[in-house]
>>> print(open('start37.pdb').read())   # PDB, C-alpha atoms
ATOM      1  CA  MET A   1      84.316  78.505  73.274  1.00  0.00           C
ATOM      2  CA  TYR A   2      87.338  80.336  74.737  1.00  0.00           C
ATOM      3  CA  GLU A   3      85.838  81.248  78.117  1.00  0.00           C
ATOM      4  CA  LYS A   4      88.367  79.217  80.120  1.00  0.00           C
ATOM      5  CA  SER A   5      91.288  80.603  78.104  1.00  0.00           C
ATOM      6  CA  LEU A   6      90.030  84.149  78.684  1.00  0.00           C
ATOM      7  CA  GLU A   7      89.750  83.476  82.409  1.00  0.00           C
ATOM      8  CA  LEU A   8      93.302  82.107  82.577  1.00  0.00           C
ATOM      9  CA  LEU A   9      94.725  84.866  80.386  1.00  0.00           C
ATOM     10  CA  ASN A  10      93.189  87.521  82.645  1.00  0.00           C
ATOM     11  CA  ARG A  11      94.537  85.775  85.746  1.00  0.00           C
ATOM     12  CA  ALA A  12      97.940  85.920  84.095  1.00  0.00           C
ATOM     13  CA  VAL A  13      97.543  89.631  83.297  1.00  0.00           C
ATOM     14  CA  ARG A  14      96.654  90.370  86.929  1.00  0.00           C
ATOM     15  CA  ASP A  15      99.627  88.347  88.184  1.00  0.00           C
ATOM     16  CA  GLU A  16     102.011  89.981  85.720  1.00  0.00           C
ATOM     17  CA  LEU A  17     100.792  93.430  86.785  1.00  0.00           C
ATOM     18  CA  SER A  18     101.491  92.472  90.396  1.00  0.00           C
ATOM     19  CA  GLY A  19     104.989  91.504  89.294  1.00  0.00           C
ATOM     20  CA  VAL A  20     105.488  94.818  87.510  1.00  0.00           C
ATOM     21  CA  HIS A  21     104.436  96.748  90.610  1.00  0.00           C
ATOM     22  CA  GLN A  22     106.523  94.627  92.990  1.00  0.00           C
ATOM     23  CA  TYR A  23     109.649  94.750  90.850  1.00  0.00           C
ATOM     24  CA  MET A  24     109.386  98.494  90.326  1.00  0.00           C
ATOM     25  CA  TYR A  25     108.956  98.951  94.075  1.00  0.00           C
ATOM     26  CA  PHE A  26     112.136  96.907  94.596  1.00  0.00           C
ATOM     27  CA  HIS A  27     113.873  98.864  91.828  1.00  0.00           C
ATOM     28  CA  PHE A  28     113.033 102.208  93.465  1.00  0.00           C
ATOM     29  CA  HIS A  29     114.362 101.082  96.845  1.00  0.00           C
ATOM     30  CA  CYS A  30     117.508  99.432  95.466  1.00  0.00           C
ATOM     31  CA  ASP A  31     118.243 102.549  93.439  1.00  0.00           C
ATOM     32  CA  ASP A  32     117.623 104.792  96.445  1.00  0.00           C
ATOM     33  CA  GLN A  33     120.004 102.694  98.559  1.00  0.00           C
ATOM     34  CA  GLY A  34     122.730 102.698  95.892  1.00  0.00           C
ATOM     35  CA  PHE A  35     122.448  99.065  94.775  1.00  0.00           C
ATOM     36  CA  ASP A  36     122.676  99.775  91.064  1.00  0.00           C
ATOM     37  CA  LEU A  37     123.045  96.205  89.814  1.00  0.00           C
ATOM     38  CA  LEU A  38     120.030  94.946  91.735  1.00  0.00           C
ATOM     39  CA  ALA A  39     118.055  98.069  90.816  1.00  0.00           C
ATOM     40  CA  ALA A  40     118.745  97.425  87.127  1.00  0.00           C
ATOM     41  CA  LEU A  41     117.819  93.746  87.467  1.00  0.00           C
ATOM     42  CA  PHE A  42     114.453  94.571  89.033  1.00  0.00           C
ATOM     43  CA  LYS A  43     113.761  97.284  86.443  1.00  0.00           C
ATOM     44  CA  LYS A  44     114.526  94.896  83.583  1.00  0.00           C
ATOM     45  CA  ALA A  45     112.306  92.203  85.126  1.00  0.00           C
ATOM     46  CA  ALA A  46     109.463  94.734  85.452  1.00  0.00           C
ATOM     47  CA  ILE A  47     109.816  95.712  81.804  1.00  0.00           C
ATOM     48  CA  ASP A  48     109.808  92.035  80.788  1.00  0.00           C
ATOM     49  CA  GLU A  49     106.623  91.529  82.804  1.00  0.00           C
ATOM     50  CA  MET A  50     105.055  94.525  81.034  1.00  0.00           C
ATOM     51  CA  ILE A  51     105.840  92.858  77.722  1.00  0.00           C
ATOM     52  CA  HIS A  52     104.106  89.710  79.016  1.00  0.00           C
ATOM     53  CA  VAL A  53     101.037  91.808  79.874  1.00  0.00           C
ATOM     54  CA  GLU A  54     101.026  93.171  76.350  1.00  0.00           C
ATOM     55  CA  LYS A  55     101.226  89.697  74.761  1.00  0.00           C
ATOM     56  CA  LEU A  56      98.507  88.354  77.047  1.00  0.00           C
ATOM     57  CA  ALA A  57      96.268  91.373  76.387  1.00  0.00           C
ATOM     58  CA  GLU A  58      96.683  90.999  72.637  1.00  0.00           C
ATOM     59  CA  ARG A  59      95.520  87.376  72.903  1.00  0.00           C
ATOM     60  CA  ILE A  60      92.570  88.361  75.112  1.00  0.00           C
ATOM     61  CA  LEU A  61      91.456  90.988  72.631  1.00  0.00           C
ATOM     62  CA  PHE A  62      91.882  88.584  69.715  1.00  0.00           C
ATOM     63  CA  LEU A  63      89.540  86.188  71.531  1.00  0.00           C
ATOM     64  CA  LYS A  64      87.053  89.078  71.896  1.00  0.00           C
ATOM     65  CA  GLY A  65      87.538  89.393  75.640  1.00  0.00           C
ATOM     66  CA  ASP A  66      88.250  92.398  77.838  1.00  0.00           C
ATOM     67  CA  VAL A  67      91.520  92.891  79.691  1.00  0.00           C
ATOM     68  CA  ASP A  68      91.375  93.011  83.508  1.00  0.00           C
ATOM     69  CA  MET A  69      94.038  95.525  84.507  1.00  0.00           C
ATOM     70  CA  ASN A  70      93.737  95.032  88.273  1.00  0.00           C
ATOM     71  CA  PRO A  71      96.816  93.522  89.950  1.00  0.00           C
ATOM     72  CA  SER A  72      96.166  90.256  91.780  1.00  0.00           C
ATOM     73  CA  GLU A  73      98.249  91.165  94.849  1.00  0.00           C
ATOM     74  CA  PRO A  74      99.230  94.344  96.662  1.00  0.00           C
ATOM     75  CA  VAL A  75     102.895  95.344  96.727  1.00  0.00           C
ATOM     76  CA  ARG A  76     104.854  93.824  99.590  1.00  0.00           C
ATOM     77  CA  LYS A  77     106.524  96.721 101.400  1.00  0.00           C
ATOM     78  CA  VAL A  78     109.946  95.125 101.788  1.00  0.00           C
ATOM     79  CA  THR A  79     112.885  97.522 101.746  1.00  0.00           C
ATOM     80  CA  ASP A  80     115.663  95.181 102.955  1.00  0.00           C
ATOM     81  CA  VAL A  81     117.626  94.431  99.816  1.00  0.00           C
ATOM     82  CA  ARG A  82     118.706  91.050 101.212  1.00  0.00           C
ATOM     83  CA  GLU A  83     115.090  89.816 101.119  1.00  0.00           C
ATOM     84  CA  MET A  84     114.117  91.123  97.690  1.00  0.00           C
ATOM     85  CA  PRO A  85     115.696  88.467  95.422  1.00  0.00           C
ATOM     86  CA  GLY A  86     114.113  85.684  97.499  1.00  0.00           C
ATOM     87  CA  ILE A  87     110.669  87.215  97.207  1.00  0.00           C
ATOM     88  CA  ALA A  88     111.184  87.710  93.479  1.00  0.00           C
ATOM     89  CA  ALA A  89     112.354  84.094  93.056  1.00  0.00           C
ATOM     90  CA  GLU A  90     109.233  82.846  94.868  1.00  0.00           C
ATOM     91  CA  MET A  91     107.059  84.944  92.560  1.00  0.00           C
ATOM     92  CA  GLU A  92     108.764  83.500  89.489  1.00  0.00           C
ATOM     93  CA  LEU A  93     108.442  79.921  90.748  1.00  0.00           C
ATOM     94  CA  GLN A  94     104.718  80.430  91.294  1.00  0.00           C
ATOM     95  CA  ALA A  95     104.349  81.952  87.823  1.00  0.00           C
ATOM     96  CA  MET A  96     106.170  78.993  86.255  1.00  0.00           C
ATOM     97  CA  LYS A  97     103.904  76.556  88.089  1.00  0.00           C
ATOM     98  CA  ASP A  98     100.740  78.452  87.119  1.00  0.00           C
ATOM     99  CA  TYR A  99     101.694  78.948  83.465  1.00  0.00           C
ATOM    100  CA  ASN A 100     102.650  75.292  83.025  1.00  0.00           C
ATOM    101  CA  SER A 101      99.319  74.257  84.508  1.00  0.00           C
ATOM    102  CA  TRP A 102      97.376  76.780  82.452  1.00  0.00           C
ATOM    103  CA  ALA A 103      99.165  75.724  79.257  1.00  0.00           C
ATOM    104  CA  ARG A 104      98.063  72.130  79.867  1.00  0.00           C
ATOM    105  CA  GLU A 105      94.518  73.276  80.534  1.00  0.00           C
ATOM    106  CA  CYS A 106      94.391  75.348  77.333  1.00  0.00           C
ATOM    107  CA  GLY A 107      95.747  72.404  75.374  1.00  0.00           C
ATOM    108  CA  GLN A 108      92.987  70.192  76.781  1.00  0.00           C
ATOM    109  CA  ASN A 109      90.462  72.816  75.655  1.00  0.00           C
ATOM    110  CA  ALA A 110      91.792  72.842  72.069  1.00  0.00           C
ATOM    111  CA  ASP A 111      93.407  76.294  72.352  1.00  0.00           C
ATOM    112  CA  SER A 112      96.927  75.588  71.167  1.00  0.00           C
ATOM    113  CA  VAL A 113      97.773  79.255  70.577  1.00  0.00           C
ATOM    114  CA  THR A 114      97.130  80.273  74.196  1.00  0.00           C
ATOM    115  CA  LYS A 115      98.917  77.092  75.298  1.00  0.00           C
ATOM    116  CA  ALA A 116     101.973  78.119  73.283  1.00  0.00           C
ATOM    117  CA  LEU A 117     101.817  81.656  74.688  1.00  0.00           C
ATOM    118  CA  PHE A 118     101.860  80.371  78.266  1.00  0.00           C
ATOM    119  CA  GLU A 119     104.712  78.006  77.419  1.00  0.00           C
ATOM    120  CA  SER A 120     106.767  80.829  75.899  1.00  0.00           C
ATOM    121  CA  ILE A 121     106.277  82.973  78.994  1.00  0.00           C
ATOM    122  CA  VAL A 122     107.398  80.080  81.231  1.00  0.00           C
ATOM    123  CA  VAL A 123     110.763  80.130  79.451  1.00  0.00           C
ATOM    124  CA  GLU A 124     111.204  83.807  80.257  1.00  0.00           C
ATOM    125  CA  GLU A 125     110.063  83.354  83.871  1.00  0.00           C
ATOM    126  CA  GLU A 126     112.666  80.598  84.268  1.00  0.00           C
ATOM    127  CA  GLY A 127     115.283  83.115  83.136  1.00  0.00           C
ATOM    128  CA  HIS A 128     114.104  85.598  85.755  1.00  0.00           C
ATOM    129  CA  TYR A 129     114.136  82.901  88.403  1.00  0.00           C
ATOM    130  CA  GLY A 130     117.717  82.017  87.465  1.00  0.00           C
ATOM    131  CA  GLN A 131     118.820  85.624  87.819  1.00  0.00           C
ATOM    132  CA  PHE A 132     117.132  86.083  91.188  1.00  0.00           C
ATOM    133  CA  ASP A 133     118.489  82.739  92.411  1.00  0.00           C
ATOM    134  CA  THR A 134     122.016  83.826  91.456  1.00  0.00           C
ATOM    135  CA  GLU A 135     121.566  87.073  93.392  1.00  0.00           C
ATOM    136  CA  MET A 136     120.300  85.157  96.443  1.00  0.00           C
ATOM    137  CA  GLU A 137     123.372  82.909  96.252  1.00  0.00           C
ATOM    138  CA  ASN A 138     125.734  85.867  95.884  1.00  0.00           C
ATOM    139  CA  ILE A 139     124.212  87.605  98.897  1.00  0.00           C
ATOM    140  CA  LYS A 140     124.343  84.367 100.891  1.00  0.00           C
ATOM    141  CA  ARG A 141     127.928  83.576  99.864  1.00  0.00           C
ATOM    142  CA  PHE A 142     129.454  87.066 100.032  1.00  0.00           C
ATOM    143  CA  GLY A 143     127.004  88.836 102.369  1.00  0.00           C
ATOM    144  CA  ASP A 144     127.377  92.529 102.913  1.00  0.00           C
ATOM    145  CA  ASN A 145     130.615  92.557 100.910  1.00  0.00           C
ATOM    146  CA  TYR A 146     128.648  91.766  97.756  1.00  0.00           C
ATOM    147  CA  LEU A 147     126.197  94.567  98.461  1.00  0.00           C
ATOM    148  CA  ALA A 148     128.951  96.983  99.444  1.00  0.00           C
ATOM    149  CA  LEU A 149     130.615  96.563  96.060  1.00  0.00           C
ATOM    150  CA  GLN A 150     127.481  97.872  94.381  1.00  0.00           C
ATOM    151  CA  SER A 151     127.340 100.909  96.668  1.00  0.00           C
ATOM    152  CA  ILE A 152     131.048 101.627  96.204  1.00  0.00           C
ATOM    153  CA  GLU A 153     130.601 101.724  92.438  1.00  0.00           C
ATOM    154  CA  ARG A 154     127.830 104.342  92.824  1.00  0.00           C
ATOM    155  CA  SER A 155     130.064 106.420  95.116  1.00  0.00           C
ATOM    156  CA  LYS A 156     132.945 106.292  92.632  1.00  0.00           C
ATOM    157  CA  GLN A 157     130.668 107.484  89.874  1.00  0.00           C
ATOM    158  CA  ALA A 158     129.394 110.334  92.007  1.00  0.00           C
ATOM    159  CA  LEU A 159     132.926 111.483  92.812  1.00  0.00           C
ATOM    160  CA  THR A 160     134.269 111.323  89.294  1.00  0.00           C
ATOM    161  CA  GLY A 161     131.100 112.144  87.404  1.00  0.00           C
ATOM    162  CA  LYS A 162     131.888 109.215  85.124  1.00  0.00           C
ATOM    163  CA  PRO A 163     129.951 105.971  84.890  1.00  0.00           C
ATOM    164  CA  GLY A 164     132.079 102.923  85.637  1.00  0.00           C
ATOM    165  CA  ALA A 165     134.981 105.009  86.998  1.00  0.00           C
TER     166      ALA A 165
END
>>> encode(input="start37.pdb", output="structure tokens")
Amino acid sequence: MYEKSLELLNRAVRDELSGVHQYMYFHFHCDDQGFDLLAALFKKAAIDEMIHVEKLAERILFLKGDVDMNPSEPVRKVTDVREMPGIAAEMELQAMKDYNSWARECGQNADSVTKALFESIVVEEEGHYGQFDTEMENIKRFGDNYLALQSIERSKQALTGKPGA
């Protein structure tokens, strides 16, 4: 009865795992390059995606399915911080499109709980998209100056040994 829902839920798990991996990859490289604000944004997004995986997996198990823990996409090896928010925004837009579509499909198959789950995740993905879009705009508007401010803050902390100094 819930075969289609299980299929869609597992697709979502795989996509969310790809997001976790991609955002952590971006986090590692932003942190390594001294871009603390972007590093924190990507880390938070990865944690949010992990929470999505957990919610999706709980629904799969409730429906007596098995959770597919294989990411849908390999990590894109992008280390230029200027490109990262754009890639992340594209990922979030695709997730919003997919989850809206899958929510409709679950509703048509009389699975209102999975429909509601997909709809709730869309709201969170829109929030991520908004954050990444803002970062893209800041980089576009202020360029290297915007990025330099993040690196300067890290350098000040290293010199003083105090966060936010």
>>> resolve_selection(input="start37.pdb", expression="the PyMOL selection byres ((chain A and resi 132-149) around 7)", output="PDB file with C-alpha atoms, keeping the file's coordinate frame")
ATOM      1  CA  PHE A  35     122.448  99.065  94.775  1.00  0.00           C
ATOM      2  CA  ARG A  82     118.706  91.050 101.212  1.00  0.00           C
ATOM      3  CA  PRO A  85     115.696  88.467  95.422  1.00  0.00           C
ATOM      4  CA  GLY A  86     114.113  85.684  97.499  1.00  0.00           C
ATOM      5  CA  ALA A  88     111.184  87.710  93.479  1.00  0.00           C
ATOM      6  CA  ALA A  89     112.354  84.094  93.056  1.00  0.00           C
ATOM      7  CA  HIS A 128     114.104  85.598  85.755  1.00  0.00           C
ATOM      8  CA  TYR A 129     114.136  82.901  88.403  1.00  0.00           C
ATOM      9  CA  GLY A 130     117.717  82.017  87.465  1.00  0.00           C
ATOM     10  CA  GLN A 131     118.820  85.624  87.819  1.00  0.00           C
ATOM     11  CA  GLN A 150     127.481  97.872  94.381  1.00  0.00           C
ATOM     12  CA  SER A 151     127.340 100.909  96.668  1.00  0.00           C
ATOM     13  CA  ILE A 152     131.048 101.627  96.204  1.00  0.00           C
ATOM     14  CA  GLU A 153     130.601 101.724  92.438  1.00  0.00           C
TER      15      GLU A 153
END
>>> residues_around(input="start37.pdb", residues="Glu73 of chain A", least_positions_apart="6", cutoff="12 Å", atoms="all atoms listed in the file", output="ChimeraX atom specification")
/A:11-22,91
>>> atom_distance(input="start37.pdb", atom1="atom CA of Asp98 of chain A", atom2="atom CA of Lys55 of chain A")
16.7 Å
>>> residues_around(input="start37.pdb", residues="Asn109 of chain A", least_positions_apart="2", cutoff="10 Å", atoms="all atoms listed in the file", output="ChimeraX atom specification")
/A:1-5,103-107,111-112,115
>>> atom_distance(input="start37.pdb", atom1="atom CA of Glu125 of chain A", atom2="atom CA of Ala46 of chain A")
11.5 Å
>>> closest_residue(input="start37.pdb", among="A:Ile47, A:His27, A:Leu37, A:Leu159", to="Val78 of chain A", atoms="all atoms listed in the file")
A:His27
>>> atom_distance(input="start37.pdb", atom1="atom CA of Asp68 of chain A", atom2="atom CA of Glu7 of chain A")
9.7 Å
>>> resolve_selection(input="start37.pdb", expression="the PyMOL selection byres ((chain A and resi 31) around 12)", output="JSON, numbers by chain")
{"A": [23, 24, 25, 26, 27, 28, 29, 30, 32, 33, 34, 35, 36, 37, 38, 39, 40, 41, 42, 43, 79, 81, 150, 151, 154]}
>>> closest_residue(input="start37.pdb", among="A:Leu93, A:Met84, A:Ala116, A:Leu56", to="Asn10 of chain A", atoms="all atoms listed in the file")
A:Leu56
>>> axis_aligned_box(input="start37.pdb", around="segment 116-135 of chain A", padding_each_side="3 Å", output="JSON")
{"center_x": 111.9, "center_y": 82.5, "center_z": 83.3, "size_x": 26.2, "size_y": 15.1, "size_z": 26.1}
>>> closest_residue(input="start37.pdb", among="A:Asn70, A:Asp48, A:Asp80, A:Phe118", to="Leu8 of chain A", atoms="all atoms listed in the file")
A:Phe118
>>> closest_residue(input="start37.pdb", among="A:Leu9, A:Met96, A:Val122, A:Ala110", to="Glu54 of chain A", atoms="only C-alpha atoms")
A:Leu9
>>> closest_residue(input="start37.pdb", among="A:Gly65, A:Gln108, A:Glu92, A:Arg59", to="Glu124 of chain A", atoms="all atoms listed in the file")
A:Glu92
>>> build_atoms(input="start37.pdb", residues="segment 38-52 of chain A", atoms="N, CA and C atoms", output="compact mmCIF listing (two decimals), keeping the file's coordinate frame")
# COMPACT_ATOMS: atom_id res chain seq x y z
N LEU A 38 121.33 95.50 91.37
CA LEU A 38 120.03 94.95 91.74
C LEU A 38 118.89 95.83 91.23
N ALA A 39 119.08 97.14 91.32
CA ALA A 39 118.06 98.07 90.82
C ALA A 39 117.81 97.82 89.33
N ALA A 40 118.88 97.67 88.57
CA ALA A 40 118.74 97.42 87.13
C ALA A 40 118.09 96.07 86.85
N LEU A 41 118.42 95.07 87.64
CA LEU A 41 117.82 93.75 87.47
C LEU A 41 116.31 93.81 87.69
N PHE A 42 115.89 94.47 88.76
CA PHE A 42 114.45 94.57 89.03
C PHE A 42 113.73 95.41 87.97
N LYS A 43 114.37 96.47 87.49
CA LYS A 43 113.76 97.28 86.44
C LYS A 43 113.59 96.48 85.16
N LYS A 44 114.61 95.72 84.78
CA LYS A 44 114.53 94.90 83.58
C LYS A 44 113.43 93.84 83.73
N ALA A 45 113.35 93.21 84.90
CA ALA A 45 112.31 92.20 85.13
C ALA A 45 110.93 92.84 85.01
N ALA A 46 110.76 94.05 85.55
CA ALA A 46 109.46 94.73 85.45
C ALA A 46 109.10 95.01 84.00
N ILE A 47 110.07 95.44 83.22
CA ILE A 47 109.82 95.71 81.80
C ILE A 47 109.45 94.42 81.08
N ASP A 48 110.14 93.33 81.39
CA ASP A 48 109.81 92.04 80.79
C ASP A 48 108.38 91.63 81.14
N GLU A 49 107.99 91.87 82.38
CA GLU A 49 106.62 91.53 82.80
C GLU A 49 105.60 92.40 82.07
N MET A 50 105.95 93.66 81.81
CA MET A 50 105.06 94.52 81.03
C MET A 50 104.87 93.98 79.62
N ILE A 51 105.93 93.46 79.05
CA ILE A 51 105.84 92.86 77.72
C ILE A 51 104.94 91.63 77.77
N HIS A 52 105.01 90.86 78.86
CA HIS A 52 104.11 89.71 79.02
C HIS A 52 102.66 90.18 79.05
